[in-house]
$ cat data07.cif   # mmCIF, C-alpha atoms
data_protein
#
loop_
_atom_site.label_atom_id
_atom_site.label_comp_id
_atom_site.auth_asym_id
_atom_site.auth_seq_id
_atom_site.Cartn_x
_atom_site.Cartn_y
_atom_site.Cartn_z
CA MET C 1 9.39 17.22 7.74
CA SER C 2 7.36 17.32 4.55
CA ALA C 3 5.49 14.14 3.72
CA LYS C 4 5.18 14.27 -0.04
CA PRO C 5 7.95 14.73 -2.59
CA ALA C 6 7.40 17.53 -5.07
CA ALA C 7 6.05 16.60 -8.47
CA GLU C 8 8.72 16.59 -11.16
CA LEU C 9 6.14 17.22 -13.86
CA ALA C 10 2.78 18.97 -13.61
CA VAL C 11 0.19 17.13 -15.69
CA GLY C 12 -2.84 19.08 -16.79
CA SER C 13 -6.00 17.82 -18.39
CA GLY C 14 -4.64 18.53 -21.87
CA ILE C 15 -1.70 16.15 -21.50
CA ALA C 16 -3.90 13.55 -19.83
CA ARG C 17 -6.46 13.77 -22.61
CA ARG C 18 -3.80 13.40 -25.30
CA LEU C 19 -2.28 10.39 -23.54
CA LEU C 20 -5.69 8.72 -23.55
CA ARG C 21 -5.61 8.55 -27.33
CA GLN C 22 -3.18 5.64 -26.91
CA ALA C 23 -5.96 3.65 -25.26
CA ALA C 24 -8.61 4.28 -27.91
CA ASP C 25 -8.36 0.85 -29.53
CA ALA C 26 -8.09 -1.14 -26.29
CA VAL C 27 -10.82 0.79 -24.45
CA PRO C 28 -13.25 2.20 -27.04
CA GLY C 29 -14.61 5.63 -26.19
CA VAL C 30 -12.18 6.20 -23.33
CA ALA C 31 -10.64 9.34 -24.86
CA ASP C 32 -13.99 11.14 -24.74
CA LEU C 33 -14.97 10.30 -21.15
CA PRO C 34 -15.26 13.09 -18.56
CA LEU C 35 -11.88 13.63 -16.89
CA HIS C 36 -11.01 15.38 -13.65
CA SER C 37 -8.22 15.24 -11.06
CA VAL C 38 -9.16 13.52 -7.79
CA ALA C 39 -5.91 12.83 -5.89
CA SER C 40 -2.19 13.53 -5.80
CA GLY C 41 -0.22 11.03 -3.77
CA TRP C 42 3.42 10.41 -2.98
CA ASP C 43 4.00 8.74 -6.31
CA CYS C 44 1.07 9.21 -8.66
CA ASP C 45 -1.63 11.65 -9.64
CA VAL C 46 -5.06 10.08 -10.07
CA TRP C 47 -7.64 11.33 -12.55
CA ARG C 48 -11.24 10.13 -12.54
CA LEU C 49 -12.23 8.96 -15.99
CA GLY C 50 -15.94 8.69 -16.47
CA ALA C 51 -17.88 6.76 -13.84
CA ASP C 52 -15.90 3.55 -13.74
CA LEU C 53 -12.25 4.24 -14.63
CA ALA C 54 -9.24 6.23 -13.46
CA MET C 55 -5.82 7.22 -14.80
CA ARG C 56 -2.68 6.70 -12.69
CA LEU C 57 0.11 9.05 -13.73
CA PRO C 58 3.50 8.98 -11.95
CA ARG C 59 4.49 12.43 -10.71
CA ARG C 60 8.22 11.70 -10.41
CA ALA C 61 10.76 9.45 -12.11
CA LEU C 62 11.26 7.17 -9.10
CA ALA C 63 7.57 6.24 -9.25
CA ALA C 64 7.55 5.27 -12.93
CA PRO C 65 8.59 1.61 -12.34
CA LEU C 66 5.63 1.19 -9.98
CA ILE C 67 3.24 1.28 -12.94
CA ARG C 68 5.22 -1.54 -14.59
CA HIS C 69 5.18 -3.53 -11.34
CA GLU C 70 1.40 -3.29 -11.11
CA ALA C 71 1.04 -4.29 -14.75
CA GLN C 72 3.26 -7.32 -14.16
CA ALA C 73 1.77 -8.52 -10.88
CA LEU C 74 -1.91 -7.64 -10.84
CA PRO C 75 -2.99 -9.92 -13.70
CA VAL C 76 -1.48 -12.77 -11.68
CA ILE C 77 -2.74 -11.91 -8.19
CA ALA C 78 -6.00 -10.05 -8.84
CA PRO C 79 -8.25 -13.06 -9.55
CA ALA C 80 -7.54 -14.70 -6.19
CA ILE C 81 -7.99 -11.48 -4.22
CA GLN C 82 -11.18 -10.53 -6.06
CA SER C 83 -12.61 -13.99 -5.47
CA THR C 84 -12.81 -12.99 -1.80
CA GLY C 85 -15.04 -10.02 -2.65
CA ILE C 86 -12.34 -7.34 -2.41
CA ARG C 87 -11.64 -5.35 -5.58
CA VAL C 88 -8.20 -4.33 -6.82
CA PRO C 89 -7.20 -1.90 -9.61
CA LEU C 90 -6.28 -4.43 -12.30
CA PRO C 91 -5.07 -2.27 -15.23
CA VAL C 92 -7.25 -2.24 -18.32
CA PHE C 93 -4.55 -0.39 -20.26
CA VAL C 94 -0.90 0.51 -19.71
CA GLY C 95 0.25 3.54 -21.67
CA GLU C 96 3.71 4.35 -22.93
CA PRO C 97 5.74 7.55 -22.53
CA SER C 98 5.11 10.29 -25.07
CA ALA C 99 6.89 13.44 -26.21
CA GLU C 100 4.97 15.34 -23.52
CA TYR C 101 5.05 12.78 -20.72
CA PRO C 102 8.18 10.67 -20.02
CA TRP C 103 6.84 7.72 -17.99
CA PRO C 104 4.43 4.78 -18.30
CA TRP C 105 0.91 5.32 -16.98
CA SER C 106 -2.24 3.25 -16.65
CA VAL C 107 -6.01 3.16 -16.86
CA VAL C 108 -7.54 1.18 -13.99
CA PRO C 109 -11.00 0.50 -12.59
CA TYR C 110 -12.21 3.21 -10.24
CA ILE C 111 -13.17 1.66 -6.90
CA ASP C 112 -15.86 3.88 -5.45
CA GLY C 113 -15.80 4.56 -1.74
CA MET C 114 -13.91 6.40 1.00
CA PRO C 115 -10.18 6.05 1.70
CA GLY C 116 -9.83 4.10 4.90
CA ILE C 117 -7.64 6.75 6.47
CA SER C 118 -10.64 9.09 6.55
CA ILE C 119 -12.68 6.60 8.59
CA ALA C 120 -12.25 6.39 12.38
CA ARG C 121 -10.25 3.41 13.60
CA ALA C 122 -13.10 2.16 15.80
CA GLU C 123 -15.34 2.00 12.71
CA ARG C 124 -13.00 -0.31 10.77
CA THR C 125 -13.65 -3.46 12.80
CA SER C 126 -15.93 -4.95 10.16
CA TRP C 127 -13.04 -4.87 7.68
CA ALA C 128 -10.93 -7.30 9.73
CA GLU C 129 -12.25 -10.59 8.39
CA PRO C 130 -12.53 -9.58 4.70
CA LEU C 131 -9.02 -8.07 4.78
CA ALA C 132 -7.62 -11.24 6.34
CA ARG C 133 -9.28 -13.35 3.63
CA ALA C 134 -7.83 -11.11 0.93
CA LEU C 135 -4.33 -11.42 2.37
CA ARG C 136 -4.60 -15.19 2.67
CA ALA C 137 -5.42 -15.19 -1.05
CA LEU C 138 -2.54 -12.82 -1.86
CA HIS C 139 0.18 -14.46 0.24
CA VAL C 140 1.04 -17.38 -2.01
CA ASP C 141 4.42 -18.24 -3.51
CA ALA C 142 5.66 -15.53 -5.86
CA PRO C 143 7.46 -16.46 -9.10
CA VAL C 144 11.20 -15.96 -9.35
CA ASP C 145 10.70 -12.97 -11.66
CA HIS C 146 8.48 -11.06 -9.23
CA PRO C 147 9.09 -7.28 -9.00
CA VAL C 148 11.94 -6.53 -6.61
CA ASN C 149 11.52 -3.95 -3.87
CA PRO C 150 14.66 -3.16 -1.87
CA VAL C 151 12.86 -2.18 1.35
CA ARG C 152 9.47 -3.94 1.49
CA GLY C 153 9.21 -7.53 2.69
CA VAL C 154 12.96 -7.87 3.23
CA PRO C 155 14.64 -9.22 6.38
CA LEU C 156 14.31 -6.63 9.13
CA ALA C 157 18.06 -6.68 9.75
CA ARG C 158 18.54 -5.21 6.29
CA ARG C 159 16.65 -2.09 7.40
CA ALA C 160 18.08 -1.91 10.91
CA ASP C 161 20.44 1.01 10.29
CA ALA C 162 17.86 3.17 8.52
CA VAL C 163 15.20 2.55 11.15
CA ALA C 164 17.68 3.09 14.00
CA ALA C 165 18.50 6.53 12.57
CA ARG C 166 14.83 7.50 12.75
CA PHE C 167 14.62 6.37 16.36
CA ARG C 168 17.69 8.46 17.21
CA ASP C 169 15.82 11.49 15.90
CA LEU C 170 12.80 10.59 18.07
CA PRO C 171 14.32 9.51 21.41
CA ALA C 172 11.00 9.57 23.27
CA LEU C 173 9.88 6.45 21.38
CA SER C 174 11.97 3.93 23.31
CA GLY C 175 9.03 1.52 23.65
CA ALA C 176 8.51 1.41 19.90
CA GLU C 177 12.23 0.93 19.40
CA GLU C 178 12.18 -2.10 21.70
CA ILE C 179 9.40 -3.60 19.61
CA TRP C 180 11.46 -3.00 16.47
CA GLN C 181 14.53 -4.60 18.02
CA ARG C 182 12.53 -7.70 19.01
CA GLY C 183 11.52 -8.03 15.38
CA VAL C 184 15.11 -7.68 14.19
CA ALA C 185 16.16 -10.39 16.63
CA ALA C 186 13.34 -12.76 15.63
CA PRO C 187 14.06 -15.53 13.12
CA PRO C 188 13.59 -14.21 9.57
CA TRP C 189 11.15 -15.57 7.00
CA ARG C 190 12.72 -18.79 5.74
CA ALA C 191 10.07 -20.03 3.31
CA ALA C 192 9.84 -19.06 -0.36
CA PRO C 193 8.92 -15.41 -1.00
CA VAL C 194 5.18 -14.83 -1.15
CA TRP C 195 3.38 -12.05 -2.96
CA ILE C 196 2.95 -9.00 -0.74
CA HIS C 197 1.19 -5.70 -1.34
CA GLY C 198 4.11 -3.77 0.12
CA ASP C 199 2.27 -0.60 1.19
CA LEU C 200 -0.73 -1.81 3.16
CA HIS C 201 -2.16 0.91 5.38
CA PRO C 202 -5.56 2.59 5.74
CA GLY C 203 -4.81 5.08 2.98
CA ASN C 204 -4.73 2.19 0.51
CA LEU C 205 -7.96 0.60 1.69
CA ILE C 206 -11.29 1.69 0.19
CA ALA C 207 -14.52 1.31 2.14
CA SER C 208 -18.19 2.07 1.65
CA GLY C 209 -20.52 2.20 4.61
CA ASP C 210 -19.06 -0.27 7.08
CA GLY C 211 -17.76 -2.60 4.35
CA LEU C 212 -14.28 -2.96 2.89
CA ARG C 213 -14.54 -2.63 -0.88
CA GLY C 214 -11.02 -2.55 -2.25
CA ILE C 215 -7.26 -2.50 -1.87
CA ILE C 216 -5.45 -0.02 -4.10
CA ASP C 217 -1.93 1.16 -4.99
CA PHE C 218 0.02 -2.02 -5.67
CA GLY C 219 3.06 -0.14 -6.98
CA ASP C 220 5.29 -1.56 -4.22
CA VAL C 221 4.13 -5.13 -4.87
CA THR C 222 6.91 -7.65 -4.47
CA GLY C 223 7.75 -11.09 -3.13
CA GLY C 224 9.02 -11.54 0.40
CA ASP C 225 8.04 -11.83 4.05
CA PRO C 226 4.27 -11.44 4.61
CA ALA C 227 4.99 -9.79 7.97
CA TYR C 228 5.31 -6.48 6.14
CA ASP C 229 1.65 -6.63 5.08
CA LEU C 230 0.51 -8.01 8.43
CA ALA C 231 1.66 -4.81 10.13
CA VAL C 232 -1.76 -3.55 9.01
CA ALA C 233 -3.11 -5.24 12.16
CA TRP C 234 -1.71 -2.25 14.12
CA LEU C 235 -1.83 0.34 11.35
CA ALA C 236 -5.54 -0.07 10.62
CA PHE C 237 -7.26 -1.54 13.68
CA ASP C 238 -7.93 -1.00 17.35
CA THR C 239 -7.62 -3.86 19.82
CA ARG C 240 -10.92 -5.51 18.93
CA GLY C 241 -10.39 -5.18 15.18
CA ARG C 242 -6.86 -6.53 15.50
CA GLU C 243 -8.05 -9.56 17.47
CA LEU C 244 -10.61 -10.33 14.78
CA PHE C 245 -8.07 -9.78 11.99
CA ILE C 246 -5.48 -12.09 13.55
CA ALA C 247 -8.12 -14.75 14.27
CA ALA C 248 -9.37 -14.55 10.68
CA THR C 249 -5.91 -15.34 9.30
CA ASP C 250 -6.74 -18.83 10.60
CA ARG C 251 -3.28 -19.75 11.97
CA ARG C 252 -1.75 -19.10 8.54
CA TYR C 253 1.23 -17.27 10.10
CA ASP C 254 3.45 -18.43 12.97
CA SER C 255 4.20 -16.45 16.11
CA GLU C 256 7.58 -15.29 14.78
CA THR C 257 5.87 -13.74 11.76
CA TRP C 258 3.59 -11.76 14.08
CA VAL C 259 6.62 -10.54 16.06
CA ARG C 260 8.11 -9.22 12.83
CA ALA C 261 4.76 -7.72 11.80
CA HIS C 262 4.55 -5.89 15.14
CA ALA C 263 8.06 -4.55 14.49
CA TRP C 264 7.21 -3.41 10.96
CA ALA C 265 4.21 -1.53 12.35
CA ALA C 266 6.57 0.34 14.69
CA ALA C 267 8.95 1.14 11.84
CA VAL C 268 6.19 2.42 9.55
CA ALA C 269 4.69 4.53 12.35
CA VAL C 270 8.05 6.17 13.05
CA LEU C 271 8.59 6.81 9.34
CA LEU C 272 5.19 8.50 9.10
CA LEU C 273 5.80 10.51 12.25
CA SER C 274 9.09 11.81 10.89
CA GLN C 275 7.74 12.73 7.46
CA SER C 276 4.13 13.84 7.87
CA ASP C 277 4.30 17.30 9.42
CA ASP C 278 2.30 18.68 6.49
CA ASP C 279 -0.17 15.79 6.27
CA PRO C 280 -2.41 15.65 9.36
CA PRO C 281 -4.24 12.40 8.50
CA TYR C 282 -0.96 10.49 8.16
CA ARG C 283 0.52 12.12 11.24
CA LEU C 284 -2.57 11.00 13.16
CA LEU C 285 -2.14 7.50 11.71
CA ALA C 286 1.42 7.48 13.08
CA VAL C 287 0.35 8.60 16.56
CA GLU C 288 -2.56 6.13 16.72
CA THR C 289 -0.36 3.27 15.52
CA LEU C 290 2.27 4.00 18.15
CA ASN C 291 -0.49 3.81 20.75
CA GLU C 292 -1.73 0.52 19.33
CA ILE C 293 1.66 -1.20 19.19
CA ALA C 294 2.13 -0.43 22.89
CA ARG C 295 -1.05 -2.28 23.91
#

$ encode --input "data07.cif" --output "structure tokens"
Amino acid sequence: MSAKPAAELAVGSGIARRLLRQAADAVPGVADLPLHSVASGWDCDVWRLGADLAMRLPRRALAAPLIRHEAQALPVIAPAIQSTGIRVPLPVFVGEPSAEYPWPWSVVPYIDGMPGISIARAERTSWAEPLARALRALHVDAPVDHPVNPVRGVPLARRADAVAARFRDLPALSGAEEIWQRGVAAPPWRAAPVWIHGDLHPGNLIASGDGLRGIIDFGDVTGGDPAYDLAVAWLAFDTRGRELFIAATDRRYDSETWVRAHAWAAAVAVLLLSQSDDDPPYRLLAVETLNEIAR
């Protein structure tokens, strides 16, 4: 199956440049900076804006609330994460819909480096400790008005039917299904919801050299069970990296949380496997993760 939904609106440089006029007072000179397209993801197109900034423009209506979620959450959570040395795209401006463009959009810092998905798994080991520190800083009690995400950080039982349907379409993955079922059967998160990134995988990690530089794409940010984020132990790392990552969380999470995290890794891998026929890097991520969860 196709990985990426089709864009509902094609945004060219002319529309992007005209939208930037909204930011002229808040970010002087921004409307005249060099502008070029650098990425088109599931939810947003990204335009490089000068040397240090980027525009995030939703490419479909379902993605539009994600810009609002980032604008609500990142001013609250960014300082703690960035105190660990990991950058996040804290918006410097949030734009409003226009006659040409129907959704909110944002200007964010550009975090220079390589997407983690383009770096071999064995070369990510040095990211384990800094990523664990960043998540310890992120996973604190979320306020009652945190953005709500219906599928990220929720009790696993709430997603059991949807995930079971994917396993029925991929019957060879019985081992992964057993891991998922153990997570469903494990006690759920009973403490107050904590902030979670909600889409933590190598494609949303930025690295330079052998160092982790940033975590991007907080559109799915919400409050809930941190196990959803901790699935990155299998999504991003090999055995050695995973051991270092888990050790660096410094006993912050109990064994039941790690059971659920293992299960979420299985669920995400199966989702990617079923929807990434046209996206080789994400299909490879799915295959590698299925190998890792079986270890």

$ atom_distance --input "data07.cif" --atom1 "CA of Ile111 (chain C)" --atom2 "CA of Leu53 (chain C)"
8.2 Å

$ resolve_selection --input "data07.cif" --expression "the PyMOL selection byres ((chain C and resi 89) around 8)" --output "list in words"
Leu74, Arg87, Val88, Leu90, Pro91, Val108, Pro109, Tyr110, Ile111, Ile215, Ile216 and Asp217 of chain C

$ write_last_selection --input "data07.cif" --atoms "C-alpha atoms" --output "CSV table (one decimal), in the coordinates of the input"
chain,number,residue,atom,x,y,z
C,74,LEU,CA,-1.9,-7.6,-10.8
C,87,ARG,CA,-11.6,-5.4,-5.6
C,88,VAL,CA,-8.2,-4.3,-6.8
C,90,LEU,CA,-6.3,-4.4,-12.3
C,91,PRO,CA,-5.1,-2.3,-15.2
C,108,VAL,CA,-7.5,1.2,-14.0
C,109,PRO,CA,-11.0,0.5,-12.6
C,110,TYR,CA,-12.2,3.2,-10.2
C,111,ILE,CA,-13.2,1.7,-6.9
C,215,ILE,CA,-7.3,-2.5,-1.9
C,216,ILE,CA,-5.4,0.0,-4.1
C,217,ASP,CA,-1.9,1.2,-5.0

$ resolve_selection --input "data07.cif" --expression "the PyMOL selection byres ((chain C and resi 58) around 9)" --output "count of residues only"
20

$ residues_around --input "data07.cif" --residues "Ala128 (chain C)" --least-positions-apart "5" --cutoff "10 Å" --atoms "only C-alpha atoms" --output "list in words"
Arg133, Gly211, Leu212, Val232, Ala233, Ala236, Phe237, Arg240, Gly241, Arg242, Glu243, Leu244, Phe245, Ile246, Ala247, Ala248 and Thr249 of chain C

$ closest_residue --input "data07.cif" --among "C:Ala269, C:Ile86, C:Leu19, C:Leu205" --to "Leu138 (chain C)" --atoms "all atoms listed in the file"
C:Ile86

$ atom_distance --input "data07.cif" --atom1 "CA of Ser106 (chain C)" --atom2 "CA of Gly219 (chain C)"
11.5 Å

$ closest_residue --input "data07.cif" --among "C:Ala6, C:Ala227, C:Ala54, C:Val148" --to "Ala263 (chain C)" --atoms "all atoms listed in the file"
C:Ala227

$ atom_distance --input "data07.cif" --atom1 "CA of Ala26 (chain C)" --atom2 "CA of Ala73 (chain C)"
19.7 Å

$ residues_near_point --input "data07.cif" --point "(10.2, -1.4, 17.9)" --cutoff "9 Å" --atoms "only C-alpha atoms" --output "list in words"
Leu173, Ser174, Gly175, Ala176, Glu177, Glu178, Ile179, Trp180, Gln181, Arg182, Gly183, Val184, His262, Ala263, Trp264, Ala265, Ala266, Ala267 and Ile293 of chain C

$ closest_residue --input "data07.cif" --among "C:Val270, C:Asp112, C:Ala16, C:Thr289" --to "Ala165 (chain C)" --atoms "only C-alpha atoms"
C:Val270

$ residues_around --input "data07.cif" --residues "Ser37 (chain C)" --least-positions-apart "5" --cutoff "9 Å" --atoms "all atoms listed in the file" --output "list in words"
Gly12, Ser13, Asp45, Val46, Trp47, Arg48 and Leu49 of chain C

$ closest_residue --input "data07.cif" --among "C:Ser118, C:Asn149, C:Thr239, C:Thr257" --to "His201 (chain C)" --atoms "all atoms listed in the file"
C:Ser118

$ closest_residue --input "data07.cif" --among "C:Arg283, C:His197, C:Arg190, C:Arg252" --to "Thr222 (chain C)" --atoms "all atoms listed in the file"
C:His197

$ closest_residue --input "data07.cif" --among "C:Arg260, C:Ala10, C:Arg251, C:Ser208" --to "Asp225 (chain C)" --atoms "only C-alpha atoms"
C:Arg260

$ resolve_selection --input "data07.cif" --expression "the PyMOL selection byres ((chain C and resi 142-145) around 6)" --output "MDAnalysis selection string"
chainID C and resid 141 146 193:195 223

$ axis_aligned_box --input "data07.cif" --around "region 128-131 of chain C" --padding-each-side "5 Å" --output "lines of an AutoDock Vina configuration file"
center_x = -10.8
center_y = -8.9
center_z = 7.2
size_x = 13.5
size_y = 13.3
size_z = 15.0

$ residues_around --input "data07.cif" --residues "Gly113 (chain C)" --least-positions-apart "5" --cutoff "8 Å" --atoms "only C-alpha atoms" --output "list in words"
Ile206, Ala207, Ser208 and Arg213 of chain C

$ write_last_selection --input "data07.cif" --atoms "C-alpha atoms" --output "PDB file, in the coordinates of the input"
ATOM      1  CA  ILE C 206     -11.290   1.690   0.190  1.00  0.00           C
ATOM      2  CA  ALA C 207     -14.520   1.310   2.140  1.00  0.00           C
ATOM      3  CA  SER C 208     -18.190   2.070   1.650  1.00  0.00           C
ATOM      4  CA  ARG C 213     -14.540  -2.630  -0.880  1.00  0.00           C
TER       5      ARG C 213
END

$ decode --input "data07.cif" --residues "region 228-238 of chain C" --atoms "all heavy atoms" --output "CSV table (one decimal), in the first residue's frame"
chain,number,residue,atom,x,y,z
C,228,TYR,N,4.4,4.7,24.6
C,228,TYR,CA,4.4,5.0,23.2
C,228,TYR,C,5.7,5.6,22.7
C,228,TYR,O,6.2,5.2,21.6
C,228,TYR,CB,3.2,5.9,22.8
C,228,TYR,CG,2.8,5.9,21.4
C,228,TYR,CD1,1.9,5.0,20.9
C,228,TYR,CD2,3.5,6.6,20.4
C,228,TYR,CE1,1.5,4.9,19.6
C,228,TYR,CE2,3.2,6.5,19.1
C,228,TYR,CZ,2.2,5.7,18.7
C,228,TYR,OH,1.9,5.6,17.3
C,229,ASP,N,6.2,6.5,23.4
C,229,ASP,CA,7.5,7.1,23.0
C,229,ASP,C,8.7,6.1,23.2
C,229,ASP,O,9.6,6.0,22.4
C,229,ASP,CB,7.9,8.3,23.8
C,229,ASP,CG,7.1,9.6,23.4
C,229,ASP,OD1,6.4,9.5,22.3
C,229,ASP,OD2,7.2,10.6,24.1
C,230,LEU,N,8.6,5.3,24.2
C,230,LEU,CA,9.7,4.4,24.6
C,230,LEU,C,9.8,3.2,23.6
C,230,LEU,O,10.8,2.5,23.5
C,230,LEU,CB,9.5,3.8,26.0
C,230,LEU,CG,9.6,4.8,27.1
C,230,LEU,CD1,9.2,4.2,28.4
C,230,LEU,CD2,10.9,5.5,27.2
C,231,ALA,N,8.8,3.1,22.7
C,231,ALA,CA,9.0,2.1,21.6
C,231,ALA,C,10.2,2.4,20.7
C,231,ALA,O,10.7,1.6,20.0
C,231,ALA,CB,7.7,2.1,20.7
C,232,VAL,N,10.7,3.6,20.8
C,232,VAL,CA,11.8,4.0,20.0
C,232,VAL,C,13.0,3.2,20.4
C,232,VAL,O,14.0,3.0,19.6
C,232,VAL,CB,12.2,5.5,20.2
C,232,VAL,CG1,12.8,5.8,21.6
C,232,VAL,CG2,13.0,6.1,19.1
C,233,ALA,N,13.0,2.5,21.5
C,233,ALA,CA,14.1,1.6,21.9
C,233,ALA,C,14.3,0.5,20.8
C,233,ALA,O,15.4,0.1,20.5
C,233,ALA,CB,13.9,1.0,23.2
C,234,TRP,N,13.2,0.1,20.2
C,234,TRP,CA,13.3,-1.0,19.1
C,234,TRP,C,13.2,-0.3,17.8
C,234,TRP,O,13.8,-0.9,16.8
C,234,TRP,CB,12.1,-1.9,19.3
C,234,TRP,CG,12.3,-2.8,20.5
C,234,TRP,CD1,12.9,-4.0,20.6
C,234,TRP,CD2,11.8,-2.5,21.9
C,234,TRP,NE1,12.8,-4.5,21.9
C,234,TRP,CE2,12.2,-3.6,22.7
C,234,TRP,CE3,11.1,-1.4,22.4
C,234,TRP,CZ2,11.9,-3.6,24.0
C,234,TRP,CZ3,10.8,-1.5,23.8
C,234,TRP,CH2,11.2,-2.5,24.6
C,235,LEU,N,12.6,0.8,17.6
C,235,LEU,CA,12.4,1.5,16.3
C,235,LEU,C,13.8,2.1,15.9
C,235,LEU,O,14.1,2.1,14.7
C,235,LEU,CB,11.4,2.6,16.4
C,235,LEU,CG,9.9,2.1,16.5
C,235,LEU,CD1,9.0,3.2,17.0
C,235,LEU,CD2,9.5,1.6,15.2
C,236,ALA,N,14.6,2.5,16.8
C,236,ALA,CA,15.8,3.3,16.4
C,236,ALA,C,17.1,2.5,16.6
C,236,ALA,O,18.1,2.7,15.9
C,236,ALA,CB,15.9,4.6,17.2
C,237,PHE,N,17.1,1.6,17.6
C,237,PHE,CA,18.4,1.0,18.0
C,237,PHE,C,18.5,-0.5,17.8
C,237,PHE,O,17.5,-1.2,17.7
C,237,PHE,CB,18.6,1.3,19.5
C,237,PHE,CG,18.6,2.7,19.9
C,237,PHE,CD1,17.6,3.3,20.7
C,237,PHE,CD2,19.6,3.5,19.4
C,237,PHE,CE1,17.7,4.7,21.0
C,237,PHE,CE2,19.7,4.9,19.7
C,237,PHE,CZ,18.7,5.5,20.5
C,238,ASP,N,19.8,-0.9,17.7
C,238,ASP,CA,20.1,-2.3,17.7
C,238,ASP,C,20.2,-2.8,19.2
C,238,ASP,O,19.9,-2.0,20.1
C,238,ASP,CB,21.4,-2.7,16.9
C,238,ASP,CG,22.6,-2.0,17.5
C,238,ASP,OD1,22.6,-1.4,18.6
C,238,ASP,OD2,23.6,-2.0,16.7
